[in-house]
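Peer 1: Below: one structure in structure tokens.
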Number of protein chains: 2
Amino acid sequence: MGRPSLLPVHPKQLTLRILKKSKKPMSAYDLLERLRSYGVNGAPVVYRALASLIKSGTVHKIHAQNTFIACNCDADHDHDLSVLTICQRCDRVEELHDHKIIHQLEGLRRKGVPLMRDAVIELPVYCQTCAA
Amino acid sequence: MGRPSLLPVHPKQLTLRILKKSKKPMSAYDLLERLRSYGVNGAPVVYRALASLIKSGTVHKIHAQNTFIACNCDADHDHDLSVLTICQRCDRVEELHDHKIIHQLEGLRRKGVPLMRDAVIELPVYCQTCAA
DNA sequence: CACCATTTGTAATAATATAACAAATTGTGA
DNA sequence: TCACAATTTGTTATATTATTACAAATGGTG
């Protein structure tokens, strides 16, 4: 199993808990600050936790912001494409549940574009508040 | 007009030229290395050139890679949504010309999601070569 | 002309992410 | 059981990406 964690709770679980509670996307170093009180001292610990969570589809990285969010799916069901809108003015992130888009992307798959499971599509927008 | 550039050719033009010639996306520091021979010495010069080019739609940033590409549109026509596929294994980037997807996204716009002009959608995929 | 706004260039620094390595544990085969 | 490889963790250091801060140079405006 390798060297055991010195912490009472594994960094991966802690990371997920914090992200679940956060309404907003968090950067890796935001997370690190929060994790320090639990004894986490290094960036690699955070990045490893995130990598693992992302691999399992539990967490998404928002590349346009270098931030991370917990997937808002409740159950352990298989993940699929998720579509996020990112306001270019206030940075607010929302998940779109537009089935037509999802189906369209699925269509791409059938046409030979091997879209990855857990693909995250980030759409730059102005949110309703900022559009005004 | 502000302080004039000391260079015979403006960094912005140089940056665009280099990106146009490059088949692959380039990082800002890749560009800087290339620009040094023309007398460009600092990262801010590159980032300012890129910001300006991105604003005019001439260059796109690929957030998932922190790289930049010249838009492959030939003319000065107005830009619209562009859809890129990014291979998660070999990092190759291709531009999709799938009109259905574009139309679908336009549909989102009409439904009230103010998608930005020059929105770049990055789809994580496995390219045909790597899928095998 | 004096002043201000703007742009450029440079130096320094911030923010994001990974590499390299030692230490601790488990499993495997002799 | 013992040696040893394979893994995982934690730490330090470093690489990569991007911005801040500031001085210098120019053009426009009163």
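Residue numbers start at 1 in each chain; chains themselves are named A, B, ... in the order of the structure tokens; ligands are numbered from 1 in the order shown.
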Need the shell around DA15 of chain C: protein/DNA/RNA residues with any atom at most 9 Å away, counting only C-alpha atoms (C1' of nucleotides). Skip same-chain ones fewer than 5 positions apart. Format as a ChimeraX atom specification?

Peer 2: /A:29 /D:17-19

Peer 1: Hey, list the chain B side of the contact with chain A: 12 Å cut-off, only C-alpha atoms, answer as number ranges by chain.

Peer 2: B: 61-67, 81-89, 94-109, 111-132

Peer 1: Put those residues in a file: N, CA and C atoms, as a compact mmCIF listing (two decimals), in the first residue's frame.

Peer 2:
# COMPACT_ATOMS: atom_id res chain seq x y z
N LYS B 61 -6.36 31.48 -27.54
CA LYS B 61 -5.63 30.80 -26.47
C LYS B 61 -6.28 29.45 -26.22
N ILE B 62 -5.45 28.43 -26.13
CA ILE B 62 -5.94 27.11 -25.77
C ILE B 62 -5.68 26.92 -24.28
N HIS B 63 -6.72 27.11 -23.51
CA HIS B 63 -6.57 27.13 -22.06
C HIS B 63 -6.08 25.81 -21.50
N ALA B 64 -6.52 24.74 -22.12
CA ALA B 64 -6.16 23.43 -21.59
C ALA B 64 -4.67 23.16 -21.70
N GLN B 65 -3.98 23.94 -22.52
CA GLN B 65 -2.55 23.72 -22.74
C GLN B 65 -1.71 24.94 -22.41
N ASN B 66 -2.37 26.05 -22.16
CA ASN B 66 -1.66 27.32 -22.02
C ASN B 66 -0.79 27.60 -23.25
N THR B 67 -1.41 27.38 -24.40
CA THR B 67 -0.72 27.66 -25.66
C THR B 67 -1.60 28.54 -26.53
N LEU B 81 -17.94 31.29 -33.29
CA LEU B 81 -17.51 30.20 -32.45
C LEU B 81 -16.51 29.32 -33.18
N SER B 82 -15.47 28.91 -32.48
CA SER B 82 -14.58 27.93 -33.07
C SER B 82 -14.46 26.75 -32.13
N VAL B 83 -14.40 25.58 -32.70
CA VAL B 83 -14.40 24.34 -31.93
C VAL B 83 -13.11 23.59 -32.20
N LEU B 84 -12.34 23.37 -31.16
CA LEU B 84 -11.06 22.68 -31.30
C LEU B 84 -11.11 21.35 -30.57
N THR B 85 -10.48 20.35 -31.17
CA THR B 85 -10.29 19.10 -30.45
C THR B 85 -8.84 19.00 -30.01
N ILE B 86 -8.63 18.56 -28.80
CA ILE B 86 -7.29 18.47 -28.24
C ILE B 86 -7.04 17.03 -27.80
N CYS B 87 -6.11 16.40 -28.45
CA CYS B 87 -5.82 15.01 -28.08
C CYS B 87 -5.16 14.97 -26.71
N GLN B 88 -5.72 14.15 -25.83
CA GLN B 88 -5.23 14.07 -24.47
C GLN B 88 -3.98 13.21 -24.37
N ARG B 89 -3.59 12.64 -25.46
CA ARG B 89 -2.40 11.80 -25.41
C ARG B 89 -1.22 12.47 -26.11
N GLU B 94 -6.86 20.16 -33.45
CA GLU B 94 -7.49 20.31 -34.76
C GLU B 94 -8.74 21.16 -34.62
N GLU B 95 -9.03 21.90 -35.68
CA GLU B 95 -10.24 22.71 -35.66
C GLU B 95 -11.36 21.95 -36.34
N LEU B 96 -12.48 21.90 -35.65
CA LEU B 96 -13.65 21.21 -36.17
C LEU B 96 -14.49 22.17 -36.97
N HIS B 97 -15.00 21.69 -38.09
CA HIS B 97 -15.91 22.54 -38.85
C HIS B 97 -17.26 21.83 -38.92
N ASP B 98 -17.78 21.59 -37.75
CA ASP B 98 -19.04 20.87 -37.65
C ASP B 98 -20.16 21.89 -37.48
N HIS B 99 -20.86 22.10 -38.54
CA HIS B 99 -21.83 23.18 -38.51
C HIS B 99 -22.97 22.92 -37.54
N LYS B 100 -23.30 21.65 -37.35
CA LYS B 100 -24.40 21.36 -36.42
C LYS B 100 -24.08 21.85 -35.03
N ILE B 101 -22.84 21.61 -34.61
CA ILE B 101 -22.45 22.05 -33.28
C ILE B 101 -22.51 23.56 -33.19
N ILE B 102 -21.98 24.20 -34.20
CA ILE B 102 -22.02 25.65 -34.21
C ILE B 102 -23.46 26.13 -34.10
N HIS B 103 -24.32 25.54 -34.91
CA HIS B 103 -25.73 25.95 -34.88
C HIS B 103 -26.35 25.68 -33.51
N GLN B 104 -25.93 24.56 -32.92
CA GLN B 104 -26.46 24.23 -31.61
C GLN B 104 -26.08 25.30 -30.59
N LEU B 105 -24.84 25.71 -30.69
CA LEU B 105 -24.37 26.73 -29.76
C LEU B 105 -25.06 28.06 -30.04
N GLU B 106 -25.28 28.32 -31.32
CA GLU B 106 -26.04 29.53 -31.67
C GLU B 106 -27.43 29.46 -31.04
N GLY B 107 -27.96 28.23 -31.02
CA GLY B 107 -29.27 28.03 -30.40
C GLY B 107 -29.26 28.43 -28.93
N LEU B 108 -28.17 28.08 -28.26
CA LEU B 108 -28.02 28.47 -26.86
C LEU B 108 -28.12 29.98 -26.73
N ARG B 109 -27.46 30.65 -27.63
CA ARG B 109 -27.47 32.11 -27.62
C ARG B 109 -28.90 32.63 -27.66
N LYS B 111 -31.47 31.22 -26.78
CA LYS B 111 -32.21 30.88 -25.56
C LYS B 111 -31.80 31.75 -24.39
N GLY B 112 -30.91 32.66 -24.60
CA GLY B 112 -30.59 33.58 -23.52
C GLY B 112 -29.20 33.45 -22.95
N VAL B 113 -28.45 32.42 -23.36
CA VAL B 113 -27.07 32.32 -22.90
C VAL B 113 -26.22 33.19 -23.81
N PRO B 114 -25.72 34.29 -23.29
CA PRO B 114 -24.97 35.21 -24.15
C PRO B 114 -23.56 34.71 -24.41
N LEU B 115 -23.46 33.75 -25.30
CA LEU B 115 -22.17 33.22 -25.71
C LEU B 115 -21.35 34.31 -26.37
N MET B 116 -20.12 34.41 -25.98
CA MET B 116 -19.29 35.46 -26.53
C MET B 116 -18.91 35.16 -27.98
N ARG B 117 -18.76 36.23 -28.73
CA ARG B 117 -18.13 36.08 -30.03
C ARG B 117 -16.71 35.59 -29.76
N ASP B 118 -16.15 34.91 -30.71
CA ASP B 118 -14.79 34.40 -30.54
C ASP B 118 -14.68 33.38 -29.41
N ALA B 119 -15.81 32.80 -29.01
CA ALA B 119 -15.74 31.74 -28.01
C ALA B 119 -14.98 30.56 -28.59
N VAL B 120 -14.10 30.01 -27.81
CA VAL B 120 -13.34 28.84 -28.24
C VAL B 120 -13.74 27.66 -27.37
N ILE B 121 -14.25 26.64 -28.03
CA ILE B 121 -14.64 25.45 -27.30
C ILE B 121 -13.56 24.39 -27.48
N GLU B 122 -13.03 23.91 -26.38
CA GLU B 122 -11.94 22.93 -26.43
C GLU B 122 -12.47 21.57 -26.01
N LEU B 123 -12.46 20.65 -26.94
CA LEU B 123 -12.98 19.33 -26.66
C LEU B 123 -11.85 18.34 -26.44
N PRO B 124 -11.75 17.77 -25.25
CA PRO B 124 -10.72 16.76 -25.00
C PRO B 124 -11.08 15.45 -25.68
N VAL B 125 -10.21 14.98 -26.55
CA VAL B 125 -10.49 13.76 -27.32
C VAL B 125 -9.23 12.89 -27.40
N TYR B 126 -9.38 11.73 -28.00
CA TYR B 126 -8.23 11.00 -28.50
C TYR B 126 -8.26 11.12 -30.01
N CYS B 127 -7.17 11.52 -30.58
CA CYS B 127 -7.14 11.68 -32.03
C CYS B 127 -7.14 10.30 -32.69
N GLN B 128 -7.36 10.27 -33.99
CA GLN B 128 -7.49 8.99 -34.69
C GLN B 128 -6.27 8.10 -34.48
N THR B 129 -5.10 8.72 -34.54
CA THR B 129 -3.87 7.95 -34.36
C THR B 129 -3.80 7.34 -32.96
N CYS B 130 -4.05 8.19 -31.95
CA CYS B 130 -3.88 7.75 -30.57
C CYS B 130 -5.03 6.87 -30.09
N ALA B 131 -6.16 6.95 -30.77
CA ALA B 131 -7.30 6.13 -30.35
C ALA B 131 -7.00 4.65 -30.57
N ALA B 132 -6.09 4.40 -31.53
CA ALA B 132 -5.76 3.00 -31.84
C ALA B 132 -4.72 2.45 -30.87

Peer 1: Could you fit chain B onto chain A with a least-squares superposition over all C-alpha atoms, matched one to one in order, and give me the transformed chain as an mmCIF file with C-alpha atoms, in the first residue's frame?

Peer 2:
data_model
loop_
_atom_site.group_PDB
_atom_site.id
_atom_site.type_symbol
_atom_site.label_atom_id
_atom_site.label_comp_id
_atom_site.auth_asym_id
_atom_site.auth_seq_id
_atom_site.Cartn_x
_atom_site.Cartn_y
_atom_site.Cartn_z
ATOM 1 C CA MET B 1 0.052 0.077 -0.241
ATOM 2 C CA GLY B 2 2.987 2.459 0.217
ATOM 3 C CA ARG B 3 3.620 4.917 2.952
ATOM 4 C CA PRO B 4 0.446 5.657 4.891
ATOM 5 C CA SER B 5 -0.831 9.176 5.280
ATOM 6 C CA LEU B 6 0.175 10.783 8.548
ATOM 7 C CA LEU B 7 -3.162 12.550 8.685
ATOM 8 C CA PRO B 8 -6.285 11.192 10.410
ATOM 9 C CA VAL B 9 -8.210 11.802 7.202
ATOM 10 C CA HIS B 10 -6.749 11.275 3.780
ATOM 11 C CA PRO B 11 -5.950 14.494 1.829
ATOM 12 C CA LYS B 12 -8.073 13.255 -1.036
ATOM 13 C CA GLN B 13 -11.171 13.008 1.114
ATOM 14 C CA LEU B 14 -10.467 16.358 2.723
ATOM 15 C CA THR B 15 -10.011 17.968 -0.671
ATOM 16 C CA LEU B 16 -13.296 16.596 -1.930
ATOM 17 C CA ARG B 17 -15.139 17.731 1.201
ATOM 18 C CA ILE B 18 -13.868 21.266 0.883
ATOM 19 C CA LEU B 19 -14.723 21.435 -2.804
ATOM 20 C CA LYS B 20 -18.204 20.044 -2.174
ATOM 21 C CA LYS B 21 -18.862 22.747 0.377
ATOM 22 C CA SER B 22 -17.524 25.524 -1.809
ATOM 23 C CA LYS B 23 -20.053 27.199 -4.061
ATOM 24 C CA LYS B 24 -17.281 28.687 -6.135
ATOM 25 C CA PRO B 25 -14.407 27.047 -7.997
ATOM 26 C CA MET B 26 -11.192 27.014 -5.971
ATOM 27 C CA SER B 27 -7.568 27.192 -7.023
ATOM 28 C CA ALA B 28 -5.101 24.561 -5.879
ATOM 29 C CA TYR B 29 -3.471 27.054 -3.544
ATOM 30 C CA ASP B 30 -6.840 28.142 -2.156
ATOM 31 C CA LEU B 31 -7.326 24.495 -1.296
ATOM 32 C CA LEU B 32 -3.849 24.243 0.179
ATOM 33 C CA GLU B 33 -4.555 27.139 2.524
ATOM 34 C CA ARG B 34 -7.668 25.374 3.741
ATOM 35 C CA LEU B 35 -5.855 22.063 4.046
ATOM 36 C CA ARG B 36 -2.994 23.464 6.124
ATOM 37 C CA SER B 37 -5.151 23.337 9.235
ATOM 38 C CA TYR B 38 -5.393 19.596 8.708
ATOM 39 C CA GLY B 39 -1.633 19.210 8.431
ATOM 40 C CA VAL B 40 -1.165 19.371 4.681
ATOM 41 C CA ASN B 41 1.994 21.300 3.894
ATOM 42 C CA GLY B 42 2.856 20.962 0.233
ATOM 43 C CA ALA B 43 1.444 21.714 -3.169
ATOM 44 C CA PRO B 44 2.166 18.221 -4.530
ATOM 45 C CA VAL B 45 -0.175 16.720 -1.947
ATOM 46 C CA VAL B 46 -2.992 18.898 -3.233
ATOM 47 C CA TYR B 47 -2.198 18.290 -6.878
ATOM 48 C CA ARG B 48 -2.031 14.551 -6.346
ATOM 49 C CA ALA B 49 -5.366 14.559 -4.569
ATOM 50 C CA LEU B 50 -6.872 16.604 -7.375
ATOM 51 C CA ALA B 51 -5.408 14.401 -10.090
ATOM 52 C CA SER B 52 -6.915 11.356 -8.487
ATOM 53 C CA LEU B 53 -10.310 12.986 -8.019
ATOM 54 C CA ILE B 54 -10.311 14.248 -11.580
ATOM 55 C CA LYS B 55 -9.422 10.825 -12.899
ATOM 56 C CA SER B 56 -12.449 9.331 -11.177
ATOM 57 C CA GLY B 57 -14.689 12.108 -12.470
ATOM 58 C CA THR B 58 -15.444 13.422 -9.005
ATOM 59 C CA VAL B 59 -13.772 16.763 -9.648
ATOM 60 C CA HIS B 60 -13.472 18.880 -12.785
ATOM 61 C CA LYS B 61 -10.683 21.269 -13.624
ATOM 62 C CA ILE B 62 -11.739 24.534 -15.191
ATOM 63 C CA HIS B 63 -8.820 25.225 -17.463
ATOM 64 C CA ALA B 64 -9.835 28.736 -18.324
ATOM 65 C CA GLN B 65 -9.449 29.698 -14.665
ATOM 66 C CA ASN B 66 -7.032 27.124 -13.302
ATOM 67 C CA THR B 67 -9.633 26.275 -10.707
ATOM 68 C CA PHE B 68 -11.404 23.131 -9.580
ATOM 69 C CA ILE B 69 -14.988 22.196 -8.731
ATOM 70 C CA ALA B 70 -16.646 19.126 -7.352
ATOM 71 C CA CYS B 71 -18.941 17.483 -9.849
ATOM 72 C CA ASN B 72 -22.496 18.261 -8.851
ATOM 73 C CA CYS B 73 -23.744 14.807 -9.643
ATOM 74 C CA ASP B 74 -25.136 13.326 -6.448
ATOM 75 C CA ALA B 75 -24.896 9.657 -7.143
ATOM 76 C CA ASP B 76 -22.049 7.466 -8.207
ATOM 77 C CA HIS B 77 -23.558 7.150 -11.645
ATOM 78 C CA ASP B 78 -21.311 7.158 -14.648
ATOM 79 C CA HIS B 79 -20.276 10.547 -15.825
ATOM 80 C CA ASP B 80 -20.562 11.977 -19.219
ATOM 81 C CA LEU B 81 -20.023 15.255 -20.947
ATOM 82 C CA SER B 82 -20.498 18.291 -18.785
ATOM 83 C CA VAL B 83 -20.969 21.784 -20.117
ATOM 84 C CA LEU B 84 -20.001 24.790 -18.046
ATOM 85 C CA THR B 85 -20.519 28.448 -18.745
ATOM 86 C CA ILE B 86 -17.890 30.836 -17.432
ATOM 87 C CA CYS B 87 -18.707 34.500 -17.178
ATOM 88 C CA GLN B 88 -15.853 36.509 -18.641
ATOM 89 C CA ARG B 89 -16.631 39.425 -16.405
ATOM 90 C CA CYS B 90 -17.454 38.029 -12.956
ATOM 91 C CA ASP B 91 -15.938 34.532 -13.329
ATOM 92 C CA ARG B 92 -19.100 32.828 -12.158
ATOM 93 C CA VAL B 93 -19.420 29.257 -13.325
ATOM 94 C CA GLU B 94 -22.679 27.439 -14.032
ATOM 95 C CA GLU B 95 -23.374 23.971 -15.281
ATOM 96 C CA LEU B 96 -25.594 23.714 -18.307
ATOM 97 C CA HIS B 97 -28.072 20.906 -18.595
ATOM 98 C CA ASP B 98 -28.825 21.356 -22.227
ATOM 99 C CA HIS B 99 -29.542 17.958 -23.557
ATOM 100 C CA LYS B 100 -29.425 19.009 -27.190
ATOM 101 C CA ILE B 101 -25.817 20.044 -26.853
ATOM 102 C CA ILE B 102 -24.952 16.851 -25.102
ATOM 103 C CA HIS B 103 -26.661 14.865 -27.830
ATOM 104 C CA GLN B 104 -24.877 16.910 -30.440
ATOM 105 C CA LEU B 105 -21.560 16.091 -28.898
ATOM 106 C CA GLU B 106 -22.564 12.458 -28.662
ATOM 107 C CA GLY B 107 -23.232 12.743 -32.376
ATOM 108 C CA LEU B 108 -19.644 13.812 -32.882
ATOM 109 C CA ARG B 109 -18.574 10.677 -31.107
ATOM 110 C CA ARG B 110 -20.552 8.494 -33.441
ATOM 111 C CA LYS B 111 -18.977 10.298 -36.389
ATOM 112 C CA GLY B 112 -15.572 9.160 -35.279
ATOM 113 C CA VAL B 113 -14.377 11.901 -32.941
ATOM 114 C CA PRO B 114 -13.499 9.942 -29.824
ATOM 115 C CA LEU B 115 -14.686 12.440 -27.255
ATOM 116 C CA MET B 116 -13.457 11.473 -23.854
ATOM 117 C CA ARG B 117 -15.747 10.514 -21.061
ATOM 118 C CA ASP B 118 -15.733 13.238 -18.460
ATOM 119 C CA ALA B 119 -15.043 15.811 -21.150
ATOM 120 C CA VAL B 120 -15.625 19.281 -19.786
ATOM 121 C CA ILE B 121 -16.698 21.932 -22.220
ATOM 122 C CA GLU B 122 -16.091 25.476 -21.024
ATOM 123 C CA LEU B 123 -18.148 28.113 -22.739
ATOM 124 C CA PRO B 124 -17.055 31.731 -22.299
ATOM 125 C CA VAL B 125 -20.186 33.824 -21.795
ATOM 126 C CA TYR B 126 -21.556 36.864 -20.064
ATOM 127 C CA CYS B 127 -23.874 35.807 -17.299
ATOM 128 C CA GLN B 128 -27.351 37.299 -17.046
ATOM 129 C CA THR B 129 -26.277 39.809 -14.431
ATOM 130 C CA CYS B 130 -23.171 40.968 -16.281
ATOM 131 C CA ALA B 131 -24.834 41.000 -19.684
ATOM 132 C CA ALA B 132 -26.867 43.983 -18.519
#

Peer 1: Please identify all residues of chain D having at least one atom at most 6 Å from any atom of chain A, considering only C-alpha atoms (C1' of nucleotides), and return them as a PyMOL selection string.

Peer 2: chain D and resi 7-9
